[in-house]
Amino acid sequence: MSRRYLISLLAMTLALVLASFVVLWVSPASFLVAMPLLALYFGVVAGVQHFLVTRAMYRSPKTFVQIFLATVVGMLFLHIVILAAYLLTHLTHAHLFTVAFLVGYVVSLVFETVALVQFVNNERNRRR
């Protein structure tokens, strides 16, 4: 992984952590301790997914597609398991957690999509 990507990933994670603390300052009743932890979770998941996909780019196109689809499905399954486990164990905070989880998921999805498109474009330009 490039240094630029790692700095961007750290910035995204810190922005999500700060957003969770903004919720604490604006509406303390809406804050969950899990909110900053979700930011770290999405940062780690995005980093692992990026690492696996970018490593697969140097293999055959068939292998790349298989690894890319496997990581997407695996991460979605992991997200569903995490979300379901929390919702089943903490019914009183289910709504707040779901909103925080969806915000983190959308931010992480947009971040990782942009990072992968930039990586592919840079690799294409480098090979020319």
# chains A, B, ... in the order shown; residues from 1 in each chain; ligands from 1
call {"tool": "residues_around", "arguments": {"residues": "Ala46 in chain A", "least_positions_apart": "5", "cutoff": "9 Å", "atoms": "only C-alpha atoms", "output": "PyMOL selection string"}}
result
chain A and resi 9+41+51+108-109+111-112
call {"tool": "residues_around", "arguments": {"residues": "Met35 in chain A", "least_positions_apart": "3", "cutoff": "10 Å", "atoms": "only C-alpha atoms", "output": "ChimeraX atom specification"}}
result
/A:16-21,23-24,31-32,38-41,96-97,99-101,104
call {"tool": "residues_around", "arguments": {"residues": "Gln118 in chain A", "least_positions_apart": "6", "cutoff": "12 Å", "atoms": "only C-alpha atoms", "output": "short mmCIF file (atom, residue, chain, number, x, y, z; two decimals) with N, CA, C and O atoms, in the first residue's frame"}}
result
data_model
loop_
_atom_site.label_atom_id
_atom_site.label_comp_id
_atom_site.auth_asym_id
_atom_site.auth_seq_id
_atom_site.Cartn_x
_atom_site.Cartn_y
_atom_site.Cartn_z
N SER A 2 0.41 2.21 -0.72
CA SER A 2 1.21 3.42 -0.82
C SER A 2 1.05 4.29 0.43
O SER A 2 0.07 4.17 1.17
N ARG A 4 0.52 7.44 0.42
CA ARG A 4 -0.60 8.36 0.20
C ARG A 4 -1.94 7.72 0.59
O ARG A 4 -2.78 8.35 1.21
N TYR A 5 -2.10 6.44 0.23
CA TYR A 5 -3.33 5.74 0.59
C TYR A 5 -3.45 5.62 2.11
O TYR A 5 -4.53 5.83 2.67
N HIS A 50 -8.46 -3.09 0.50
CA HIS A 50 -7.59 -2.44 -0.47
C HIS A 50 -6.30 -3.24 -0.67
O HIS A 50 -5.84 -3.42 -1.80
N THR A 54 -5.51 -4.74 -4.36
CA THR A 54 -4.37 -4.19 -5.10
C THR A 54 -3.29 -5.25 -5.32
O THR A 54 -2.62 -5.23 -6.35
N PHE A 111 -14.97 6.05 -0.06
CA PHE A 111 -13.53 6.19 0.07
C PHE A 111 -12.81 5.07 -0.68
O PHE A 111 -11.88 5.32 -1.45
N GLU A 112 -13.22 3.84 -0.45
CA GLU A 112 -12.53 2.70 -1.06
C GLU A 112 -12.75 2.66 -2.57
O GLU A 112 -11.83 2.31 -3.32
N ARG A 124 -2.48 1.94 -14.79
CA ARG A 124 -2.65 1.99 -16.24
C ARG A 124 -1.70 3.01 -16.84
O ARG A 124 -1.05 2.73 -17.85
N ASN A 125 -1.58 4.17 -16.23
CA ASN A 125 -0.67 5.21 -16.73
C ASN A 125 0.79 4.79 -16.58
O ASN A 125 1.62 5.10 -17.41
#
call {"tool": "residues_around", "arguments": {"residues": "range 70-74 of chain A", "least_positions_apart": "6", "cutoff": "8 Å", "atoms": "only C-alpha atoms", "output": "number ranges by chain"}}
result
A: 49, 52-53
call {"tool": "atom_distance", "arguments": {"atom1": "CA of Asn121 in chain A", "atom2": "CA of Ala15 in chain A"}}
result
25.8 Å
call {"tool": "atom_distance", "arguments": {"atom1": "CA of Arg127 in chain A", "atom2": "CA of Leu10 in chain A"}}
result
28.3 Å
call {"tool": "closest_residue", "arguments": {"among": "A:Val117, A:Val107, A:Ile67, A:Ala84", "to": "Ala11 in chain A", "atoms": "only C-alpha atoms"}}
result
A:Val107
call {"tool": "closest_residue", "arguments": {"among": "A:Val120, A:Leu69, A:Ala115, A:Val103", "to": "Ser8 in chain A", "atoms": "only C-alpha atoms"}}
result
A:Ala115
call {"tool": "decode", "arguments": {"residues": "range 21-46 of chain A", "atoms": "N, CA and C atoms", "output": "short mmCIF file (atom, residue, chain, number, x, y, z; two decimals), in the first residue's frame"}}
result
data_model
loop_
_atom_site.label_atom_id
_atom_site.label_comp_id
_atom_site.auth_asym_id
_atom_site.auth_seq_id
_atom_site.Cartn_x
_atom_site.Cartn_y
_atom_site.Cartn_z
N PHE A 21 -17.63 12.06 17.89
CA PHE A 21 -17.52 12.93 19.06
C PHE A 21 -18.33 14.22 18.89
N VAL A 22 -18.56 14.63 17.66
CA VAL A 22 -19.47 15.76 17.42
C VAL A 22 -20.88 15.37 17.88
N VAL A 23 -21.26 14.12 17.63
CA VAL A 23 -22.56 13.63 18.12
C VAL A 23 -22.59 13.71 19.64
N LEU A 24 -21.49 13.35 20.29
CA LEU A 24 -21.42 13.43 21.75
C LEU A 24 -21.61 14.86 22.24
N TRP A 25 -20.98 15.82 21.57
CA TRP A 25 -21.07 17.21 22.00
C TRP A 25 -22.42 17.83 21.68
N VAL A 26 -23.00 17.46 20.55
CA VAL A 26 -24.28 18.05 20.12
C VAL A 26 -25.46 17.40 20.82
N SER A 27 -25.43 16.09 20.88
CA SER A 27 -26.56 15.36 21.47
C SER A 27 -26.03 14.17 22.28
N PRO A 28 -25.67 14.39 23.52
CA PRO A 28 -25.08 13.32 24.33
C PRO A 28 -25.97 12.08 24.47
N ALA A 29 -27.28 12.27 24.40
CA ALA A 29 -28.19 11.12 24.52
C ALA A 29 -28.12 10.22 23.30
N SER A 30 -27.65 10.74 22.17
CA SER A 30 -27.57 9.96 20.94
C SER A 30 -26.21 9.31 20.74
N PHE A 31 -25.29 9.53 21.65
CA PHE A 31 -23.94 8.99 21.50
C PHE A 31 -23.87 7.57 22.04
N LEU A 32 -23.20 6.70 21.30
CA LEU A 32 -22.90 5.35 21.75
C LEU A 32 -21.39 5.17 21.79
N VAL A 33 -20.91 4.42 22.74
CA VAL A 33 -19.47 4.15 22.84
C VAL A 33 -18.99 3.41 21.60
N ALA A 34 -19.88 2.69 20.95
CA ALA A 34 -19.52 1.93 19.75
C ALA A 34 -19.24 2.83 18.54
N MET A 35 -19.67 4.08 18.56
CA MET A 35 -19.50 4.95 17.39
C MET A 35 -18.03 5.17 17.02
N PRO A 36 -17.16 5.57 17.94
CA PRO A 36 -15.75 5.70 17.56
C PRO A 36 -15.13 4.35 17.18
N LEU A 37 -15.60 3.28 17.81
CA LEU A 37 -15.09 1.95 17.47
C LEU A 37 -15.50 1.55 16.06
N LEU A 38 -16.68 1.98 15.63
CA LEU A 38 -17.11 1.73 14.26
C LEU A 38 -16.17 2.40 13.26
N ALA A 39 -15.71 3.59 13.60
CA ALA A 39 -14.78 4.29 12.72
C ALA A 39 -13.50 3.47 12.55
N LEU A 40 -13.00 2.94 13.63
CA LEU A 40 -11.80 2.10 13.55
C LEU A 40 -12.07 0.82 12.77
N TYR A 41 -13.23 0.23 13.00
CA TYR A 41 -13.63 -0.98 12.27
C TYR A 41 -13.65 -0.73 10.77
N PHE A 42 -14.29 0.34 10.33
CA PHE A 42 -14.37 0.61 8.90
C PHE A 42 -13.00 0.97 8.32
N GLY A 43 -12.16 1.61 9.09
CA GLY A 43 -10.80 1.88 8.63
C GLY A 43 -10.00 0.61 8.40
N VAL A 44 -10.09 -0.32 9.34
CA VAL A 44 -9.37 -1.59 9.20
C VAL A 44 -9.92 -2.41 8.03
N VAL A 45 -11.24 -2.47 7.93
CA VAL A 45 -11.86 -3.25 6.85
C VAL A 45 -11.49 -2.67 5.48
N ALA A 46 -11.52 -1.35 5.35
CA ALA A 46 -11.15 -0.73 4.07
C ALA A 46 -9.68 -0.99 3.75
#
